[in-house]
Structure formats: structure tokens, C-alpha cells
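Each remark here refers to the structure printed beneath this line.
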Amino acid sequence: MQLTGPEILRCINTPNPNNPDNKPDIIITPFSENCLGSNSYDLHLGEVLKIYKKTLPDGMLPVIEYVPGKKYSMEDWFINKDCFLRYLKNPHYFDHRNPAFLIDPCDEASHETIDITIPENGVILSPDIGYLGHTIEYTETYNLFPYIDGKSSVGRNFILNHHTAGRGDDGFCGQWTLEIKVLYPTVVRPNMRIGQIYYEQFVGKRRPYNKNKTSHYNGQMGPTPAAVIPIEKIHQKQK
């Protein structure tokens with residue numbers, strides 16, 4: 001059962017003696033009642049992006065600083081004219097289908113990142129690159145199931161703000177890392193509304209994320225790269 005906007009507000013303003021330090025079931029910082037919707041709360045894009053270093057072709061820029069009114073061309077994606085000419089001669093070197101840019105989820109070396117700070121006027125994102133962003137908002141959730149999704153206007157600009165990890169956990173504390181992908185070269189700016197958070201009730205015995213020894217991302221601040229995915233042997237009972 002999904003919480004309405006007024007119920008979200010009630011949970012924010014009501015301490016729960018069963019929670020650590022008598023905290024309410026929902027904490028959102030910073031909070032503005034203007035961002036409260038019918039059954040969600042609006043989230044905003046932080047100023048830092050990360051990309052995996054291995055996915056950026058040599059000579060290409062991860063983003064283009066946006067200047068309103070300027071006309072752009074393919075050449076603007078390159079560090080200099082020589083890099084652009086190299087792209088024209090050998091486009092396969094820059095094609096993200098090239099296995100040279102592979103990510104190995106089980107190898108920590110694949111998760112080395114490059115940091116990008118978004119200026120106030122914004123940056124242009126490339127459809128060929130996946131970006132890790134983060135919400136300005138820090139949240140804590142207890143006794144409820146939180147999840148995020150894109151706002152309608154975000155979706156209609158073909159900005160995907162979470163690739164698969166839109167679902168949170170009871171007990172999660174931290175900023176939300178966003179897996180951002182765009183369909184076209186698209187401008188994003190810090191503090192723009194990038195999504196919304198919802199809350200649902202659940203049934204069953206609790207297993208809070210912040211008490212789970214296998215959780216990787218509790219307390220995360222800023223865009224957080226992937227934890228290494230372990231290779232596990234699953235033992236099945238023989239009949």
C-alpha cells in the first residue's frame with residue numbers, strides 16, 4: 001500500500017520510539033513541503049557525476065559544458081582537432097560496442113571513476129556514456145519500503161535516472177546514486193528535479209538494510225561506484 005503525500009509528511013513529523021534515537025520513519029534532508037506531491041516527494045540532481053574511466057575513449061570528453069545559444073557539432077565531443085580527425089578516420093576506436101571498453105562487474109579495476117562537477121549552466125550528456133549521479137537529498141527510511149522513479153517530464157526528455165536500482169530498502173540511510181542514461185545529447189543542471197521517491201508499507205518480519213552485514217551502500221554520499229559482484233558457488237541439494 002503506497003503512502004499519500006500527507007501521510008509522508010505525517011511520517012516525517014512523527015518520532016517513532018521503536019527507531020534508533022526516536023527517529024521518524026521518514027527523514028529527508030533538505031526538505032521542502034513544496035516538493036511534496038500527491039503520493040511522492042521530488043528529488044534533485046547533485047552537482048557531481050562519475051563515469052567509469054574504462055568507458056571513455058581516449059581523446060573524448062565525458063561531457064560538454066553547456067553554453068545557451070551556442071551551436072554544437074560532433075567535433076565538440078573531442079579534446080582537440082587532432083582527436084576529432086582520428087575519430088573520422090577510425091570511428092571503430094570510439095564505438096562503445098568495441099570490447100576495448102568492456103566492464104567486468106567482478107573486477108574492481110573496472111570501477112575506477114572520473115569525477116565531473118556540473119557547473120551552474122549545466123553540461124551536455126552523451127548517449128554513449130553511462131553516468132553515476134546522486135540526489136541532493138539524504139534520506140533515511142524505517143519500517144517502510146522506499147523506491148525512486150523518474151518524473152513524467154524527466155521521462156519525456158528521455159532521461160533514465162535509474163538503470164535497474166530504483167528500489168531501496170527498509171533501513172537504508174544515504175543519498176541515492178542514480179544510474180543516468182540519455183537517448184539524445186541532453187543538458188542537465190545541478191538542482192534540477194530528477195525524480196521522485198515513493199514509500200510503501202510491507203508485511204513480514206523486518207531485516208533492515210543498515211543492520212545487514214551484506215549491504216554495500218548504506219551511508220553513501222555522492223555518486224557511488226558499483227561494489228564488486230562476487231562469484232559465488234550455489235550448492236543445490238541433490239534429490
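FYI, nothing fancy with the C-alpha cells labels: chains A, B, ... in order, residues from 1 per chain, ligands from 1 as they appear.
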
Residues of stretch 97-169 of chain A classed as alpha helix (DSSP H) by DSSP on the backbone are to be reported as a list in words.
Ser152, Ser153, Val154 and Gly155 of chain A

At a cut-off of 8 Å, using only C-alpha atoms, what residues contact A:Val63? Leave out same-chain residues fewer than 2 positions from it and give the result as a PyMOL selection string.
chain A and resi 61+65+77+123-126

Identify, on the basis of only C-alpha atoms, every residue whose closest approach to A:His44 does not exceed 6 Å; exclude the query and any residue fewer than 3 positions from it along the same chain; express the result as a count of residues only.
6

What's around stretch 140-153 of chain A at 8 Å? Count only C-alpha atoms, leave out sequence neighbours fewer than 4 positions away in its own chain, and write the answer as a PyMOL selection string.
chain A and resi 19+24-28+157+160-162+166-174+193-202+206+208

A:Pro127, A:Val188, A:His163, A:Tyr52: which is nearest A:Ser110, counting only C-alpha atoms?
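Smallest distance to A:Ser110 is found for A:Tyr52.
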
Report, in Å to a single decimal, how far apart atom CA of A:Pro185 and atom CA of A:Tyr66 are.
10.9 Å

Near A:Glu33, within 10 Å and counting only C-alpha atoms, which residues show up once chain neighbours fewer than 4 positions away are dropped, as an MDAnalysis selection string?
chainID A and resid 5 9 37 41:42

Residues of the last selection are to be written out with all heavy atoms, as an mmCIF file, in the first residue's frame.
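Okay, again_11.cif is ready:
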```
data_model
loop_
_atom_site.group_PDB
_atom_site.id
_atom_site.type_symbol
_atom_site.label_atom_id
_atom_site.label_comp_id
_atom_site.auth_asym_id
_atom_site.auth_seq_id
_atom_site.Cartn_x
_atom_site.Cartn_y
_atom_site.Cartn_z
ATOM 1 N N GLY A 5 0.913 11.779 -0.132
ATOM 2 C CA GLY A 5 1.747 12.909 0.264
ATOM 3 C C GLY A 5 1.519 13.336 1.703
ATOM 4 O O GLY A 5 2.484 13.493 2.475
ATOM 5 N N LEU A 9 4.251 13.249 4.886
ATOM 6 C CA LEU A 9 4.528 14.380 5.767
ATOM 7 C C LEU A 9 4.299 14.005 7.230
ATOM 8 O O LEU A 9 5.083 14.381 8.107
ATOM 9 C CB LEU A 9 3.653 15.569 5.373
ATOM 10 C CG LEU A 9 3.887 16.886 6.125
ATOM 11 C CD1 LEU A 9 5.324 17.374 5.922
ATOM 12 C CD2 LEU A 9 2.894 17.947 5.663
ATOM 13 N N GLY A 37 4.377 15.731 -3.307
ATOM 14 C CA GLY A 37 3.325 15.525 -4.292
ATOM 15 C C GLY A 37 2.159 14.755 -3.720
ATOM 16 O O GLY A 37 2.027 14.578 -2.505
ATOM 17 N N TYR A 41 7.681 12.407 -3.217
ATOM 18 C CA TYR A 41 8.459 13.613 -2.907
ATOM 19 C C TYR A 41 9.499 13.777 -4.008
ATOM 20 O O TYR A 41 10.183 12.821 -4.393
ATOM 21 C CB TYR A 41 9.136 13.473 -1.539
ATOM 22 C CG TYR A 41 9.892 14.724 -1.132
ATOM 23 C CD1 TYR A 41 9.240 15.769 -0.478
ATOM 24 C CD2 TYR A 41 11.250 14.861 -1.417
ATOM 25 C CE1 TYR A 41 9.931 16.920 -0.128
ATOM 26 C CE2 TYR A 41 11.939 16.012 -1.072
ATOM 27 C CZ TYR A 41 11.277 17.040 -0.424
ATOM 28 O OH TYR A 41 11.952 18.184 -0.081
ATOM 29 N N ASP A 42 9.652 15.003 -4.527
ATOM 30 C CA ASP A 42 10.577 15.270 -5.622
ATOM 31 C C ASP A 42 12.032 15.253 -5.156
ATOM 32 O O ASP A 42 12.365 15.770 -4.086
ATOM 33 C CB ASP A 42 10.279 16.629 -6.252
ATOM 34 C CG ASP A 42 9.011 16.623 -7.088
ATOM 35 O OD1 ASP A 42 8.524 15.530 -7.413
ATOM 36 O OD2 ASP A 42 8.507 17.724 -7.400
#
```

Option closest in space to A:Glu120, from A:Cys11, A:Val228, A:Pro68, A:Lys50 [counting only C-alpha atoms]:
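That would be A:Pro68, the residue with the smallest distance to A:Glu120.
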
Got a sec to tell me which of stretch 87-223 of chain A DSSP assigns to strand (DSSP E or B), as a VMD selection string?
chain A and resid 113 to 117 123 to 125 131 to 141 145 to 149 159 to 160 167 173 to 182 186 to 188 193 to 200

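The interatomic distance for the pair atom CA of A:Ser32 and atom CA of A:Gly222 works out to 20.4 Å.
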
So what do you get for atom CA of A:Met60 versus atom CA of A:Ile79, distance-wise?
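For atom CA of A:Met60 relative to atom CA of A:Ile79, the distance reads 5.8 Å.
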